[in-house]
Amino acid sequence: MTQPMGWPDWRDVDGRMLEFLERLKEREFATTFCDDCETCFFPPQGFCPECFSEKVSFKEPEGKATLYAFTQIDRSFRFAAPDVIGVVEIEGVRGRVLSRIDAPIEELEIGMDLTLDFIDVGEGYLLHQFRPAMPAGA
């Protein structure tokens, strides 16, 4: 029987990613924001990919999340198999988010709206995941 793959040693992660992970513990999905050109970007990093400024801070994106692509993994390293992994676009954020999608693959459609959620992965950490948004009035 295959054992789950271990989690990385979070202490080896650079400062920006470590702050991102610490904020996830508080159920806050915040990524880096350029204080000079006001570009919001993911993944978190120490300089702006638009203007190369190092004046960056953390900010929670306010735009809606949309499913850009998805696939199913029949053998999962950590979560229940089969596991659905998606590429998510967040309005107003440069870059896309690779994330677990909490829904059966049969219920997903490219372009559908998603809602941010979190999953406890042990060792005191939460990770982000997305699930289909509830239709208006539901």
# chains A, B, ... in the order shown; residues from 1 in each chain; ligands from 1
$ closest_atom_pairs --of "segment 37-121 of chain A" --to "segment 14-21 of chain A" --cutoff "8 Å" --atoms "only C-alpha atoms" --output "tab-separated table"
residue	atom	partner	partner_atom	distance
A:Pro44	CA	A:Arg16	CA	5.9
A:Gln45	CA	A:Arg16	CA	5.7
A:Gly46	CA	A:Arg16	CA	6.5
$ residues_around --residues "Thr32 of chain A" --least-positions-apart "6" --cutoff "8 Å" --atoms "only C-alpha atoms" --output "number ranges by chain"
A: 40-45, 56-59
$ residues_around --residues "Glu60 of chain A" --least-positions-apart "5" --cutoff "10 Å" --atoms "only C-alpha atoms" --output "count of residues only"
7
$ residues_around --residues "Arg131 of chain A" --least-positions-apart "3" --cutoff "6 Å" --atoms "only C-alpha atoms" --output "list in words"
Ile101, Asp102, Leu114 and Thr115 of chain A
$ write_last_selection --atoms "N, CA and C atoms" --output "PDB file, in the first residue's frame"
ATOM      1  N   ILE A 101     -10.169  21.307  -5.961  1.00  0.00           N
ATOM      2  CA  ILE A 101     -11.556  21.724  -6.151  1.00  0.00           C
ATOM      3  C   ILE A 101     -12.429  20.732  -5.396  1.00  0.00           C
ATOM      4  N   ASP A 102     -13.211  21.229  -4.466  1.00  0.00           N
ATOM      5  CA  ASP A 102     -14.033  20.376  -3.608  1.00  0.00           C
ATOM      6  C   ASP A 102     -15.386  20.109  -4.265  1.00  0.00           C
ATOM      7  N   LEU A 114     -16.578  30.124  -8.686  1.00  0.00           N
ATOM      8  CA  LEU A 114     -16.138  29.324  -7.549  1.00  0.00           C
ATOM      9  C   LEU A 114     -16.123  30.165  -6.289  1.00  0.00           C
ATOM     10  N   THR A 115     -16.180  29.479  -5.160  1.00  0.00           N
ATOM     11  CA  THR A 115     -16.099  30.108  -3.849  1.00  0.00           C
ATOM     12  C   THR A 115     -14.864  29.578  -3.141  1.00  0.00           C
TER      13      THR A 115
END
$ atom_distance --atom1 "atom CA of Met112 of chain A" --atom2 "atom CA of Ala65 of chain A"
8.5 Å
$ residues_around --residues "Ile73 of chain A" --least-positions-apart "6" --cutoff "8 Å" --atoms "only C-alpha atoms" --output "VMD selection string"
chain A and resid 81 to 85
$ residues_around --residues "Phe52 of chain A" --least-positions-apart "3" --cutoff "10 Å" --atoms "only C-alpha atoms" --output "PyMOL selection string"
chain A and resi 34+36-37+46-49+55-56
$ select_by_dssp --residues "chain A" --states "alpha helix (DSSP H)" --output "NGL selection string"
:A and (15-25)
$ closest_residue --among "A:Ser53, A:Glu91, A:Lys25, A:Asp35" --to "Ile119 of chain A" --atoms "only C-alpha atoms"
A:Lys25
$ residues_around --residues "Pro132 of chain A" --least-positions-apart "6" --cutoff "12 Å" --atoms "only C-alpha atoms" --output "PyMOL selection string"
chain A and resi 64-67+86+88+100-117
$ write_last_selection --atoms "C-alpha atoms" --output "PDB file, in the first residue's frame"
ATOM      1  CA  LYS A  64     -14.655  36.600  -8.384  1.00  0.00           C
ATOM      2  CA  ALA A  65     -12.977  33.233  -8.873  1.00  0.00           C
ATOM      3  CA  THR A  66     -13.600  31.320 -12.106  1.00  0.00           C
ATOM      4  CA  LEU A  67     -12.641  27.785 -13.106  1.00  0.00           C
ATOM      5  CA  GLY A  86      -8.197  23.007 -10.957  1.00  0.00           C
ATOM      6  CA  VAL A  88      -8.510  29.148 -11.003  1.00  0.00           C
ATOM      7  CA  ARG A 100      -7.900  21.453  -5.072  1.00  0.00           C
ATOM      8  CA  ILE A 101     -11.556  21.724  -6.151  1.00  0.00           C
ATOM      9  CA  ASP A 102     -14.033  20.376  -3.608  1.00  0.00           C
ATOM     10  CA  ALA A 103     -16.594  18.856  -5.991  1.00  0.00           C
ATOM     11  CA  PRO A 104     -17.038  15.781  -8.165  1.00  0.00           C
ATOM     12  CA  ILE A 105     -15.595  16.284 -11.639  1.00  0.00           C
ATOM     13  CA  GLU A 106     -19.035  15.661 -13.193  1.00  0.00           C
ATOM     14  CA  GLU A 107     -20.361  18.861 -11.571  1.00  0.00           C
ATOM     15  CA  LEU A 108     -17.660  21.148 -12.986  1.00  0.00           C
ATOM     16  CA  GLU A 109     -17.676  23.362 -16.079  1.00  0.00           C
ATOM     17  CA  ILE A 110     -15.010  25.652 -17.480  1.00  0.00           C
ATOM     18  CA  GLY A 111     -15.931  29.254 -16.654  1.00  0.00           C
ATOM     19  CA  MET A 112     -18.099  28.446 -13.638  1.00  0.00           C
ATOM     20  CA  ASP A 113     -17.930  30.701 -10.582  1.00  0.00           C
ATOM     21  CA  LEU A 114     -16.138  29.324  -7.549  1.00  0.00           C
ATOM     22  CA  THR A 115     -16.099  30.108  -3.849  1.00  0.00           C
ATOM     23  CA  LEU A 116     -12.963  30.075  -1.723  1.00  0.00           C
ATOM     24  CA  ASP A 117     -12.821  27.447   1.004  1.00  0.00           C
TER      25      ASP A 117
END
$ atom_distance --atom1 "atom CA of Ser99 of chain A" --atom2 "atom CA of Glu50 of chain A"
23.7 Å
